[in-house]
Every structure is written in C-alpha cells, then in structure tokens.
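J.: Sharing my_file-v1.txt here; it has compact mmCIF, C-alpha atoms.
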```
# COMPACT_ATOMS: atom_id res chain seq x y z
CA MET A 17 -26.75 -4.74 -31.58
CA ILE A 18 -25.88 -6.96 -28.56
CA ARG A 19 -23.51 -9.87 -28.97
CA PHE A 20 -22.33 -12.54 -26.49
CA GLU A 21 -19.11 -14.35 -27.37
CA LYS A 22 -18.24 -17.46 -25.34
CA VAL A 23 -19.73 -15.89 -22.21
CA SER A 24 -19.70 -17.93 -18.99
CA LYS A 25 -20.74 -17.18 -15.45
CA ARG A 26 -19.37 -19.27 -12.58
CA TYR A 27 -19.81 -18.51 -8.90
CA ASP A 28 -17.29 -19.03 -6.11
CA ASN A 29 -19.16 -22.08 -4.84
CA GLY A 30 -18.59 -23.77 -8.20
CA TYR A 31 -22.12 -23.29 -9.54
CA VAL A 32 -22.14 -22.67 -13.30
CA ALA A 33 -25.02 -20.39 -14.28
CA ILE A 34 -23.98 -19.80 -17.91
CA GLU A 35 -21.64 -21.94 -19.96
CA SER A 36 -19.91 -20.57 -23.10
CA LEU A 37 -22.90 -18.65 -24.41
CA ASP A 38 -22.87 -17.32 -27.98
CA LEU A 39 -25.91 -15.16 -28.58
CA GLU A 40 -27.01 -12.14 -30.61
CA PHE A 41 -29.88 -9.72 -30.02
CA ALA A 42 -30.83 -7.88 -33.19
CA LYS A 43 -31.73 -4.20 -33.04
CA GLY A 44 -35.34 -3.05 -32.75
CA LEU A 45 -36.92 -6.35 -31.65
CA ILE A 46 -38.43 -7.79 -28.49
CA HIS A 47 -36.21 -10.69 -27.43
CA VAL A 48 -37.77 -12.92 -24.78
CA LEU A 49 -35.58 -15.12 -22.55
CA ILE A 50 -37.58 -18.00 -21.13
CA GLY A 51 -36.91 -21.27 -19.39
CA PRO A 52 -37.30 -23.10 -16.08
CA SER A 53 -36.04 -21.66 -12.81
CA GLY A 54 -32.25 -21.68 -12.64
CA CYS A 55 -31.80 -21.91 -16.42
CA GLY A 56 -29.72 -18.70 -16.57
CA LYS A 57 -32.18 -16.33 -18.23
CA THR A 58 -32.03 -13.59 -15.57
CA THR A 59 -28.25 -13.96 -15.24
CA THR A 60 -27.94 -13.50 -19.00
CA MET A 61 -30.11 -10.38 -18.96
CA ARG A 62 -28.27 -8.84 -15.98
CA MET A 63 -24.92 -9.27 -17.68
CA ILE A 64 -26.04 -6.84 -20.38
CA ASN A 65 -26.02 -3.91 -17.94
CA ARG A 66 -23.20 -5.40 -15.85
CA LEU A 67 -25.30 -6.11 -12.78
CA ASN A 68 -23.69 -9.52 -13.26
CA VAL A 69 -20.13 -9.65 -14.54
CA PRO A 70 -19.14 -12.56 -16.81
CA SER A 71 -16.48 -14.95 -15.55
CA SER A 72 -15.18 -15.27 -19.09
CA GLY A 73 -16.05 -14.20 -22.61
CA LYS A 74 -17.06 -10.84 -24.05
CA ILE A 75 -20.30 -8.91 -24.45
CA TYR A 76 -20.52 -6.24 -27.13
CA ILE A 77 -23.09 -3.48 -27.66
CA ASN A 78 -22.80 -1.89 -31.09
CA ASN A 79 -19.43 -3.66 -31.41
CA LYS A 80 -18.11 -2.04 -28.24
CA ASP A 81 -16.86 -4.28 -25.42
CA ILE A 82 -19.04 -3.35 -22.43
CA SER A 83 -16.24 -4.26 -20.00
CA GLN A 84 -14.52 -1.13 -21.28
CA ILE A 85 -17.52 1.09 -20.51
CA ASP A 86 -17.98 2.69 -17.09
CA PRO A 87 -20.78 0.63 -15.47
CA VAL A 88 -22.66 3.71 -14.24
CA GLU A 89 -22.59 5.24 -17.71
CA LEU A 90 -23.65 1.90 -19.21
CA ARG A 91 -26.62 1.53 -16.86
CA ARG A 92 -27.82 5.05 -17.50
CA SER A 93 -27.90 4.24 -21.21
CA ILE A 94 -30.02 1.09 -20.71
CA GLY A 95 -33.59 1.15 -19.42
CA TYR A 96 -34.37 -1.32 -16.64
CA VAL A 97 -37.77 -2.57 -15.47
CA ILE A 98 -38.15 -5.03 -12.59
CA GLN A 99 -41.03 -6.99 -11.11
CA SER A 100 -41.25 -4.91 -7.94
CA ILE A 101 -41.62 -1.69 -9.98
CA GLY A 102 -39.21 0.26 -7.76
CA LEU A 103 -40.87 3.68 -7.88
CA PHE A 104 -39.58 6.19 -5.34
CA PRO A 105 -42.52 6.72 -2.93
CA HIS A 106 -41.47 10.27 -1.94
CA MET A 107 -41.32 11.47 -5.56
CA THR A 108 -44.21 12.50 -7.79
CA ILE A 109 -44.92 10.46 -10.90
CA ALA A 110 -43.29 13.14 -13.03
CA ARG A 111 -40.10 13.08 -10.97
CA ASN A 112 -40.06 9.26 -10.97
CA VAL A 113 -40.25 9.17 -14.76
CA ALA A 114 -37.58 11.86 -15.04
CA VAL A 115 -34.94 10.23 -12.82
CA VAL A 116 -32.50 9.23 -15.58
CA PRO A 117 -33.00 12.32 -17.78
CA ARG A 118 -32.13 14.44 -14.71
CA LEU A 119 -28.98 12.39 -14.14
CA LEU A 120 -28.12 12.96 -17.78
CA LYS A 121 -28.51 16.74 -17.27
CA TRP A 122 -31.44 17.26 -19.61
CA ASP A 123 -32.93 20.76 -19.42
CA GLN A 124 -36.27 21.08 -17.61
CA ALA A 125 -38.33 21.92 -20.69
CA ARG A 126 -37.12 18.78 -22.45
CA ILE A 127 -37.79 16.68 -19.35
CA ASP A 128 -41.33 18.03 -18.93
CA LYS A 129 -42.10 17.40 -22.59
CA ARG A 130 -40.78 13.86 -22.41
CA VAL A 131 -42.71 13.03 -19.22
CA ASP A 132 -45.98 14.24 -20.73
CA GLU A 133 -45.37 12.34 -23.98
CA LEU A 134 -44.75 9.10 -22.16
CA LEU A 135 -47.71 9.45 -19.79
CA GLU A 136 -49.97 10.00 -22.79
CA LEU A 137 -48.51 6.93 -24.50
CA VAL A 138 -49.78 4.72 -21.67
CA ASN A 139 -53.12 6.50 -21.31
CA LEU A 140 -52.28 8.33 -18.09
CA SER A 141 -53.38 11.93 -18.49
CA PRO A 142 -50.41 14.20 -17.61
CA ASP A 143 -52.70 16.77 -16.01
CA THR A 144 -54.19 14.09 -13.76
CA TYR A 145 -51.17 11.95 -12.92
CA ARG A 146 -48.08 14.16 -13.22
CA SER A 147 -48.27 15.45 -9.65
CA ARG A 148 -49.57 12.31 -7.97
CA TYR A 149 -47.48 9.96 -5.84
CA PRO A 150 -47.08 6.20 -6.39
CA SER A 151 -49.33 5.36 -3.41
CA GLU A 152 -52.20 7.13 -5.20
CA LEU A 153 -52.00 4.77 -8.19
CA SER A 154 -53.20 1.21 -8.69
CA GLY A 155 -50.68 -1.60 -9.15
CA GLY A 156 -51.24 -1.62 -12.90
CA GLN A 157 -50.82 2.16 -13.14
CA GLN A 158 -47.61 2.00 -11.09
CA GLN A 159 -46.23 -0.65 -13.43
CA ARG A 160 -47.09 1.56 -16.42
CA VAL A 161 -45.03 4.31 -14.83
CA GLY A 162 -42.21 1.83 -14.22
CA VAL A 163 -42.25 0.88 -17.90
CA ILE A 164 -42.24 4.43 -19.26
CA ARG A 165 -39.51 5.43 -16.81
CA ALA A 166 -37.29 2.91 -18.60
CA PHE A 167 -38.12 4.63 -21.90
CA ALA A 168 -37.65 8.16 -20.55
CA ALA A 169 -34.03 8.80 -21.59
CA GLU A 170 -34.68 7.36 -25.06
CA PRO A 171 -32.40 4.35 -24.57
CA ASP A 172 -31.60 2.04 -27.44
CA ILE A 173 -31.90 -0.96 -25.10
CA ILE A 174 -34.32 -1.85 -22.30
CA VAL A 175 -33.99 -4.93 -20.11
CA MET A 176 -37.09 -6.18 -18.29
CA ASP A 177 -37.02 -8.80 -15.53
CA GLU A 178 -40.47 -10.44 -15.22
CA PRO A 179 -42.06 -6.98 -14.96
CA PHE A 180 -45.72 -8.07 -15.15
CA SER A 181 -45.69 -11.31 -13.17
CA ALA A 182 -47.18 -9.81 -9.98
CA LEU A 183 -50.14 -8.20 -11.75
CA ASP A 184 -53.67 -9.47 -12.12
CA PRO A 185 -54.46 -11.08 -15.53
CA ILE A 186 -56.33 -8.07 -16.95
CA SER A 187 -53.64 -5.55 -15.99
CA ARG A 188 -50.99 -7.90 -17.28
CA GLU A 189 -52.73 -8.31 -20.64
CA ASN A 190 -53.17 -4.56 -20.98
CA LEU A 191 -49.53 -3.85 -20.16
CA GLN A 192 -48.34 -6.45 -22.64
CA ASP A 193 -50.37 -4.64 -25.31
CA GLU A 194 -48.92 -1.30 -24.20
CA LEU A 195 -45.37 -2.66 -24.35
CA ILE A 196 -45.81 -3.99 -27.88
CA ARG A 197 -47.24 -0.64 -29.00
CA LEU A 198 -44.49 1.36 -27.27
CA GLN A 199 -41.76 -0.79 -28.77
CA GLN A 200 -43.21 -0.44 -32.25
CA GLU A 201 -43.51 3.33 -31.92
CA LEU A 202 -40.05 3.87 -30.42
CA ASN A 203 -38.17 0.98 -32.12
CA THR A 204 -36.34 0.10 -28.90
CA THR A 205 -34.48 -3.19 -28.46
CA ILE A 206 -36.04 -5.00 -25.52
CA ILE A 207 -34.63 -7.98 -23.62
CA PHE A 208 -37.54 -9.44 -21.67
CA VAL A 209 -37.29 -12.24 -19.08
CA THR A 210 -40.36 -14.30 -18.26
CA HIS A 211 -41.31 -17.77 -17.06
CA ASP A 212 -44.73 -17.53 -18.72
CA MET A 213 -44.90 -19.22 -22.13
CA ASP A 214 -48.13 -17.46 -23.15
CA GLU A 215 -46.50 -14.10 -22.41
CA ALA A 216 -43.41 -15.10 -24.38
CA ILE A 217 -45.47 -16.16 -27.39
CA LYS A 218 -47.43 -12.91 -27.34
CA LEU A 219 -44.48 -10.54 -26.93
CA ALA A 220 -41.51 -12.11 -28.66
CA ASP A 221 -40.14 -11.27 -32.05
CA ASN A 222 -37.34 -13.63 -31.06
CA MET A 223 -37.84 -16.24 -28.33
CA ILE A 224 -34.78 -17.74 -26.60
CA LEU A 225 -35.49 -20.92 -24.66
CA MET A 226 -32.79 -21.78 -22.11
CA LYS A 227 -31.94 -24.79 -19.96
CA ASP A 228 -28.99 -25.31 -17.59
CA GLY A 229 -27.14 -22.22 -18.83
CA PHE A 230 -27.45 -23.10 -22.51
CA VAL A 231 -29.70 -21.90 -25.31
CA VAL A 232 -31.78 -24.91 -26.36
CA GLN A 233 -33.64 -23.20 -29.18
CA GLN A 234 -34.29 -19.69 -30.42
CA GLY A 235 -36.31 -18.12 -33.20
CA ARG A 236 -39.72 -16.70 -33.89
CA PRO A 237 -42.45 -18.20 -31.66
CA GLU A 238 -44.17 -19.51 -34.78
CA HIS A 239 -41.09 -21.50 -35.75
CA ILE A 240 -40.57 -22.93 -32.27
CA LEU A 241 -44.22 -23.93 -31.98
CA ARG A 242 -44.14 -25.65 -35.35
CA HIS A 243 -40.65 -27.14 -35.07
CA PRO A 244 -39.62 -27.79 -31.45
CA ALA A 245 -35.95 -28.78 -31.38
CA ASN A 246 -36.26 -31.67 -28.91
CA ASP A 247 -38.37 -33.28 -26.22
CA PHE A 248 -37.43 -30.62 -23.65
CA VAL A 249 -38.81 -27.88 -25.89
CA LYS A 250 -41.96 -29.89 -26.53
CA SER A 251 -42.42 -30.45 -22.82
CA PHE A 252 -41.72 -26.85 -21.82
CA VAL A 253 -43.84 -25.28 -24.54
CA GLY A 254 -46.62 -27.72 -23.75
CA LYS A 255 -48.37 -30.17 -26.04
CA GLN A 256 -51.49 -28.08 -26.12
CA ARG A 257 -49.67 -25.06 -27.57
CA LEU A 258 -47.67 -26.92 -30.18
CA MET A 259 -48.72 -26.22 -33.72
CA GLU A 260 -46.53 -29.01 -35.06
CA ASP A 261 -48.61 -31.07 -37.46
CA SER A 262 -51.89 -29.59 -36.23
CA LEU A 263 -54.58 -29.30 -38.90
CA SER A 264 -52.06 -30.49 -41.48
CA GLU A 265 -52.31 -33.27 -44.03
CA LYS A 266 -50.81 -35.67 -41.48
CA ILE A 267 -53.89 -35.36 -39.26
CA THR A 268 -56.64 -37.77 -40.21
CA VAL A 269 -60.38 -37.41 -39.76
CA ASP A 270 -60.24 -40.21 -37.18
CA GLU A 271 -58.48 -37.87 -34.72
CA VAL A 272 -61.00 -35.07 -35.09
CA MET A 273 -64.36 -36.71 -35.72
CA ALA A 274 -67.11 -36.99 -33.13
CA GLU A 275 -67.24 -40.73 -32.53
CA TYR A 276 -70.63 -40.89 -30.87
CA PRO A 277 -73.03 -38.54 -32.64
CA VAL A 278 -76.74 -38.98 -32.12
CA THR A 279 -78.10 -41.70 -34.38
CA ALA A 280 -81.47 -43.33 -34.80
CA TYR A 281 -82.93 -46.31 -36.63
CA PRO A 282 -85.23 -45.61 -39.60
CA SER A 283 -88.21 -47.24 -37.87
CA ARG A 284 -88.49 -44.41 -35.34
CA GLY A 285 -91.65 -42.33 -35.50
CA LEU A 286 -91.67 -38.55 -35.73
CA ALA A 287 -92.77 -37.97 -32.14
CA GLU A 288 -89.98 -40.25 -30.96
CA ALA A 289 -87.51 -38.34 -33.16
CA ILE A 290 -88.52 -35.01 -31.63
CA LYS A 291 -88.07 -36.42 -28.13
CA ILE A 292 -84.60 -37.75 -29.00
CA MET A 293 -83.53 -34.40 -30.44
CA GLU A 294 -84.95 -32.54 -27.45
CA ARG A 295 -83.23 -34.83 -24.95
CA ARG A 296 -79.89 -34.76 -26.77
CA ARG A 297 -80.10 -31.07 -27.72
CA VAL A 298 -79.51 -31.59 -31.43
CA ASP A 299 -81.36 -30.42 -34.52
CA SER A 300 -80.60 -33.41 -36.75
CA LEU A 301 -80.39 -37.19 -36.50
CA ILE A 302 -78.04 -39.50 -38.38
CA ILE A 303 -80.03 -42.49 -39.59
CA VAL A 304 -78.37 -45.91 -39.58
CA ASP A 305 -79.59 -49.48 -39.80
CA ARG A 306 -79.03 -52.25 -37.25
CA LYS A 307 -75.57 -52.92 -38.71
CA HIS A 308 -74.73 -49.23 -38.48
CA VAL A 309 -74.79 -48.76 -42.24
CA LEU A 310 -75.31 -45.09 -43.06
CA LEU A 311 -78.73 -44.36 -44.58
CA GLY A 312 -79.01 -40.58 -44.41
CA HIS A 313 -80.07 -37.78 -42.10
CA VAL A 314 -83.20 -35.96 -41.04
CA SER A 315 -83.59 -32.46 -39.59
CA ILE A 316 -86.01 -31.13 -37.02
CA PHE A 317 -87.57 -28.96 -39.73
CA GLN A 318 -88.37 -31.98 -41.89
CA VAL A 319 -89.93 -33.73 -38.90
CA ILE A 320 -92.08 -30.74 -37.92
CA GLU A 321 -93.23 -30.21 -41.50
CA ARG A 322 -94.56 -33.79 -41.76
CA PHE A 323 -95.49 -34.27 -38.10
CA LYS A 324 -99.28 -34.32 -38.63
CA GLU A 325 -99.04 -37.31 -40.94
CA GLU A 326 -99.77 -40.65 -39.31
CA ASN A 327 -97.78 -43.85 -39.78
CA ILE A 328 -94.66 -42.11 -41.07
CA THR A 329 -91.13 -42.78 -39.86
CA ILE A 330 -87.89 -40.88 -40.04
CA GLY A 331 -86.73 -43.49 -42.55
CA ASP A 332 -89.38 -42.14 -44.92
CA LEU A 333 -87.89 -38.64 -44.55
CA ALA A 334 -84.21 -39.58 -44.67
CA THR A 335 -82.08 -37.51 -47.01
CA PRO A 336 -79.08 -39.43 -48.36
CA PHE A 337 -75.67 -37.82 -47.87
CA GLU A 338 -74.15 -36.44 -51.06
CA HIS A 339 -70.69 -36.28 -49.50
CA VAL A 340 -68.91 -38.68 -47.15
CA VAL A 341 -65.24 -39.21 -46.28
CA GLU A 342 -63.49 -42.50 -45.73
CA GLN A 343 -61.99 -43.44 -42.39
CA GLY A 344 -58.28 -42.58 -42.45
CA SER A 345 -58.70 -39.65 -44.86
CA ASP A 346 -56.64 -36.55 -44.20
CA LEU A 347 -58.37 -33.79 -42.30
CA GLN A 348 -57.40 -31.05 -44.70
CA SER A 349 -59.44 -32.60 -47.53
CA ALA A 350 -62.44 -32.98 -45.24
CA LEU A 351 -62.21 -29.34 -44.14
CA GLN A 352 -62.03 -28.19 -47.75
CA LEU A 353 -65.14 -30.24 -48.53
CA LEU A 354 -66.91 -28.86 -45.47
CA THR A 355 -66.08 -25.30 -46.52
CA ASN A 356 -66.50 -25.52 -50.29
CA GLN A 357 -69.85 -27.30 -50.10
CA ARG A 358 -71.03 -25.26 -47.10
CA LEU A 359 -71.95 -28.40 -45.22
CA PRO A 360 -72.94 -28.50 -41.54
CA PHE A 361 -71.25 -31.89 -41.13
CA ILE A 362 -69.71 -34.78 -43.05
CA PRO A 363 -70.09 -38.46 -42.11
CA VAL A 364 -67.02 -40.64 -41.80
CA VAL A 365 -67.55 -44.17 -43.10
CA ALA A 366 -65.53 -47.36 -43.03
CA ASP A 367 -65.93 -50.51 -45.12
CA HIS A 368 -69.37 -51.15 -46.69
CA ASN A 369 -70.57 -47.65 -45.80
CA ARG A 370 -70.48 -48.38 -42.07
CA PHE A 371 -70.93 -45.14 -40.13
CA VAL A 372 -68.06 -44.48 -37.68
CA GLY A 373 -68.14 -40.76 -36.92
CA LEU A 374 -68.95 -37.23 -37.91
CA ILE A 375 -66.80 -34.24 -38.84
CA THR A 376 -68.57 -31.08 -37.70
CA LYS A 377 -67.51 -27.52 -37.11
CA GLY A 378 -67.89 -28.31 -33.43
CA SER A 379 -65.57 -31.32 -33.58
CA VAL A 380 -62.93 -29.24 -35.38
CA VAL A 381 -63.21 -26.49 -32.77
CA ARG A 382 -62.94 -29.07 -30.00
CA TYR A 383 -59.79 -30.51 -31.58
CA ILE A 384 -58.23 -27.05 -31.88
CA ALA A 385 -59.17 -26.32 -28.27
CA ASP A 386 -57.44 -29.52 -27.16
CA VAL A 387 -54.32 -28.59 -29.13
CA TYR A 388 -54.15 -25.01 -27.90
CA GLY A 389 -55.32 -25.58 -24.35
CA ALA A 390 -58.72 -23.90 -24.42
CA GLU A 391 -61.62 -25.10 -22.37
CA SER A 392 -64.42 -26.37 -24.63
CA GLU A 393 -67.94 -27.64 -24.20
CA PRO A 394 -69.24 -30.54 -26.32
CA SER A 395 -70.93 -29.35 -29.48
CA PRO A 396 -74.70 -29.99 -29.38
CA VAL A 397 -74.67 -31.75 -32.76
CA GLU A 398 -72.17 -34.31 -31.45
CA GLY A 399 -74.30 -35.53 -28.55
CA GLY A 400 -73.25 -38.50 -26.44
CA ALA A 401 -73.58 -42.24 -27.00
CA SER A 402 -75.56 -43.36 -30.02
CA GLU A 403 -78.88 -45.13 -29.69
```
Would you mind writing the file out in structure tokens?
T.:
Amino acid sequence: MIRFEKVSKRYDNGYVAIESLDLEFAKGLIHVLIGPSGCGKTTTMRMINRLNVPSSGKIYINNKDISQIDPVELRRSIGYVIQSIGLFPHMTIARNVAVVPRLLKWDQARIDKRVDELLELVNLSPDTYRSRYPSELSGGQQQRVGVIRAFAAEPDIIVMDEPFSALDPISRENLQDELIRLQQELNTTIIFVTHDMDEAIKLADNMILMKDGFVVQQGRPEHILRHPANDFVKSFVGKQRLMEDSLSEKITVDEVMAEYPVTAYPSRGLAEAIKIMERRRVDSLIIVDRKHVLLGHVSIFQVIERFKEENITIGDLATPFEHVVEQGSDLQSALQLLTNQRLPFIPVVADHNRFVGLITKGSVVRYIADVYGAESEPSPVEGGASE
C-alpha cells in the first residue's frame, strides 16, 4: 500500500531527521508511529502526503511514486487529522465535514448522505448537530467531527498526528474506541502518530517504534511486548508493560508469593485467634511452630464453631495442608494446582517443611499489577509481618 525506499530527510542546517528509511504500511491496518520527541515519527508521517519532501529516496502509494503526483491532488486523496482539530469556525458541522467532497465536486445529495452517515457513526445525531457550529460543541465532539471529516471523501489512507493528545482521558478513550470501530467498518489504512505507549498498544495493528530517524522495532504490539528488540525498546515500552517472561515457566513462586502472611503458633487460644484475624483483616491463620515449620491452617469458621469450648487452642483445630509447593518451583505449576484443586492459597515451603510464603489469588494479582503498572492494594489474606 505505502512503501518507503531508502528515504532520508535532511535540513539545511545539517540536522538529519530520517536516515535511509525502508518501511512498508500494509493496506487496511492501523499503523502507529511512536518514539521519543525528535525521533522522526511526525516527519515520516508528513512525507506521506508531501507536507515534508524527502531529501532522497522514494515513497510509493499503490506502486506509484508520489513525487510524480500533484501534491494538491495527493492531499485531497488522503485524510488528515491533527491535534488542534482545525475545524472552520464560520462553517456548520455539515459544511466542515463536507470540505473535501465539495473540492472533489461531489453532488449535493451524495454529500448530504455521506455527512449524515458519518455523524451517525460517531453517535452525533445529524438532526441535532448538522447545522451547529464548532463553538457549540464540546472538545470531544469537535474532535469526533475532525476524525469523520478525514473519512468524508472515502480515502484509502488517513494520517493522524497525535489527534487525541489534548483531550481529557474519558474523551480520549471514547475516541480511540470510535476510531477502531470506524477503521474496521471502512477498512481504511491509518497512519497514526502518538507519544503515548498505552494508546499505541490499544490502537495498533502494527506498531513502529522509532529512535533518531531509524526504525528500532516494528510488529504487532503483542510481539513487541513479549520480545523487545533491545534495551531501548524495554526502556521506552516500560518494564511494567512488558509481557516478556511474565507468568511463564521461568517465573518462580518466590517472585510472586506473599512473604509475610499472617501466622500464629498452635498454642494460641480461640479468642486470641479471633483478635488476630480481626486486627489483620484475614479470615484464616497459617499455623507454624517456633522453628517456622508448617503445621496447618485454621479458618474463622472453625474457630467460631468451637469457640464455646474451654481450654482449646488453634493447634487442636489445625487442618494439615494437602498441597504445598517447594521454594523455587515454577509459578505455572502452582497456578495450575491453585486452579485445578480450587484452593484459596498454597503454602511455599523450603527444607524440612519450613514455611516461607504463600501463593494466593491476591499475590498473583499483585504481581500482575506490578508487571502491568496497575495500582494495587495488599490482599487481606496476605497481611503484614508474621507473629
């Protein structure tokens, strides 16, 4: 669809924005250019519609050298969406959307039909919004109009330069969803520039990570997250987003377990046990001896059921664990055991059955949250320091 062959861009002051770039954009996909400021992503995008002219090399669209196409004709055939929206304030929404179709001499009936179709696609009722002016719309609504204006003349290609970066998070999320839906319905090839990795991961069929005018890595977001090409990619993507090795056989239970779950000695009475569980906000206690050898566990329900009995300790109620995992075991096996046996938790033991930690659903969630950057609260069953 779009092909760069040895494309470079050098400025008169000697600055090299792009250096010998070979790149292809397949038809019908969302291609996201991303990288640090000054990496060349916007320059690359703007060369597609000849807003920037290459210093050397060739760019082809459908095997046609774009340097041989009249730039005005080329730009009318490519949709363009920018961060500042760029709606004409003196024109109604309908006339704003219809700018390029009018330049292309579409008849009025076809224009009106197209405007209404596109407004409906982004949940702006034509009867309500067709005759309004940009100043009567919210920022998110204006950006919706900016997006559909790029689709109005049914272009095969749309280039988008950080179009959602100025919006609030909710509007941005909604517009990202709208763009994905529009692209799937209309099968348009989209070249999208962003500096936001989360946005790139969400939108991209093909993600192109650039640095210093070069492509460092490209491919599906899934592939890049699992297999970053080098330390720059790892750093730019962010450790917390990387899926490389996460929850795989290479991860051991030691990395995921709660190291300080709430434990108690078997000599504790039932009233004491209830107070410990209340204070630590847990519903079970792990019972260990003075050498931290694992003896079993007791639940709040067991304690309440036997509470009226005098001279009874939690050691008397301890239920031995049927399943434990050894320190250093792979996480995947522990998760399978947790799932297959429908267990709330699994103790991790070292030599001589010494208790060292606990694998719980909460500890797994906490690990995933650390990997993917979510904020997490400690799971109640994990508690703090042991007794």
J.: When you look at stretch 369-374 of chain A with a cut-off of 12 Å (counting all atoms listed in the file), what residues show up, excluding the ones that are within fewer than 6 positions of it in the same chain? I need them as a JSON list (two decimals) with C-alpha atoms, keeping the file's coordinate frame.
T.:
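Result file selection35.json:
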```
[["chain", "number", "residue", "atom", "x", "y", "z"],
["A", 269, "VAL", "CA", -60.38, -37.41, -39.76],
["A", 270, "ASP", "CA", -60.24, -40.21, -37.18],
["A", 271, "GLU", "CA", -58.48, -37.87, -34.72],
["A", 272, "VAL", "CA", -61.00, -35.07, -35.09],
["A", 273, "MET", "CA", -64.36, -36.71, -35.72],
["A", 274, "ALA", "CA", -67.11, -36.99, -33.13],
["A", 275, "GLU", "CA", -67.24, -40.73, -32.53],
["A", 276, "TYR", "CA", -70.63, -40.89, -30.87],
["A", 277, "PRO", "CA", -73.03, -38.54, -32.64],
["A", 278, "VAL", "CA", -76.74, -38.98, -32.12],
["A", 279, "THR", "CA", -78.10, -41.70, -34.38],
["A", 280, "ALA", "CA", -81.47, -43.33, -34.80],
["A", 301, "LEU", "CA", -80.39, -37.19, -36.50],
["A", 302, "ILE", "CA", -78.04, -39.50, -38.38],
["A", 303, "ILE", "CA", -80.03, -42.49, -39.59],
["A", 304, "VAL", "CA", -78.37, -45.91, -39.58],
["A", 305, "ASP", "CA", -79.59, -49.48, -39.80],
["A", 306, "ARG", "CA", -79.03, -52.25, -37.25],
["A", 307, "LYS", "CA", -75.57, -52.92, -38.71],
["A", 308, "HIS", "CA", -74.73, -49.23, -38.48],
["A", 309, "VAL", "CA", -74.79, -48.76, -42.24],
["A", 310, "LEU", "CA", -75.31, -45.09, -43.06],
["A", 311, "LEU", "CA", -78.73, -44.36, -44.58],
["A", 312, "GLY", "CA", -79.01, -40.58, -44.41],
["A", 313, "HIS", "CA", -80.07, -37.78, -42.10],
["A", 337, "PHE", "CA", -75.67, -37.82, -47.87],
["A", 339, "HIS", "CA", -70.69, -36.28, -49.50],
["A", 340, "VAL", "CA", -68.91, -38.68, -47.15],
["A", 341, "VAL", "CA", -65.24, -39.21, -46.28],
["A", 342, "GLU", "CA", -63.49, -42.50, -45.73],
["A", 343, "GLN", "CA", -61.99, -43.44, -42.39],
["A", 344, "GLY", "CA", -58.28, -42.58, -42.45],
["A", 347, "LEU", "CA", -58.37, -33.79, -42.30],
["A", 350, "ALA", "CA", -62.44, -32.98, -45.24],
["A", 354, "LEU", "CA", -66.91, -28.86, -45.47],
["A", 359, "LEU", "CA", -71.95, -28.40, -45.22],
["A", 360, "PRO", "CA", -72.94, -28.50, -41.54],
["A", 361, "PHE", "CA", -71.25, -31.89, -41.13],
["A", 362, "ILE", "CA", -69.71, -34.78, -43.05],
["A", 363, "PRO", "CA", -70.09, -38.46, -42.11],
["A", 380, "VAL", "CA", -62.93, -29.24, -35.38],
["A", 395, "SER", "CA", -70.93, -29.35, -29.48],
["A", 397, "VAL", "CA", -74.67, -31.75, -32.76],
["A", 398, "GLU", "CA", -72.17, -34.31, -31.45],
["A", 399, "GLY", "CA", -74.30, -35.53, -28.55],
["A", 400, "GLY", "CA", -73.25, -38.50, -26.44],
["A", 401, "ALA", "CA", -73.58, -42.24, -27.00],
["A", 402, "SER", "CA", -75.56, -43.36, -30.02]]
```
J.: Do you have the atom CA of A:Asp247-atom CA of A:Thr268 distance handy?
T.: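 Calculated distance between atom CA of A:Asp247 and atom CA of A:Thr268 is 23.4 Å.
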J.: Restricting the calculation to only C-alpha atoms: of A:Met176, A:Ile77, A:Val161, A:Val319, which residue gets closest to A:Ala110?
T.: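 Going through A:Met176, A:Ile77, A:Val161, A:Val319 one by one, the smallest distance to A:Ala110 is for A:Val161.
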J.: From the list A:Tyr76, A:Val175, A:Phe41, A:Pro150, which residue is nearest A:Arg62 when using all atoms listed in the file?
T.: A:Val175
J.: At what distance in Å, to one decimal, does atom CA of A:Ala169 lie from atom CA of A:Trp122?
T.: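 Between atom CA of A:Trp122 and atom CA of A:Ala169 the gap is 9.1 Å.
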J.: For the point (-26.8, -17.8, -14.2) in file coordinates, what residues are within 8 Å, counting only C-alpha atoms? Give the answer as a list of chain:residue names?
T.: A:Lys25, A:Arg26, A:Val32, A:Ala33, A:Ile34, A:Gly54, A:Cys55, A:Gly56, A:Lys57, A:Thr58, A:Thr59, A:Thr60, A:Gly229
J.: Would you work out the distance separating atom CA of A:Ile290 from atom CA of A:Thr376, expressed in Å to one decimal?
T.: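 We find that atom CA of A:Ile290 and atom CA of A:Thr376 lie 21.2 Å from each other.
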J.: I need the residue nearest A:Gln233 from this list: A:Val48, A:Phe20, A:His106, A:Ile164. Use all atoms listed in the file for the distance.
T.: A:Val48
J.: Compute the distance from (-35.2, -21.0, -18.9) to each atom, counting all atoms listed in the file, keep the residues with any atom at most 6 Å away, and return them as a count of residues only; use the coordinates of the file.
T.: 8
J.: Please provide as a list in words all residues within 10 Å of A:Val97, with the sequence filter that same-chain residues fewer than 2 positions apart are discarded (counting all atoms listed in the file).
T.: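 Contacts, with the query itself left out: Gly95, Gln99, Ser100, Ile101, Gly102, Gln159, Gly162, Val163, Ile164, Arg165, Ala166, Phe167, Ile174, Val175, Met176, Asp177, Glu178, Pro179, Phe180 and Phe208 of chain A.
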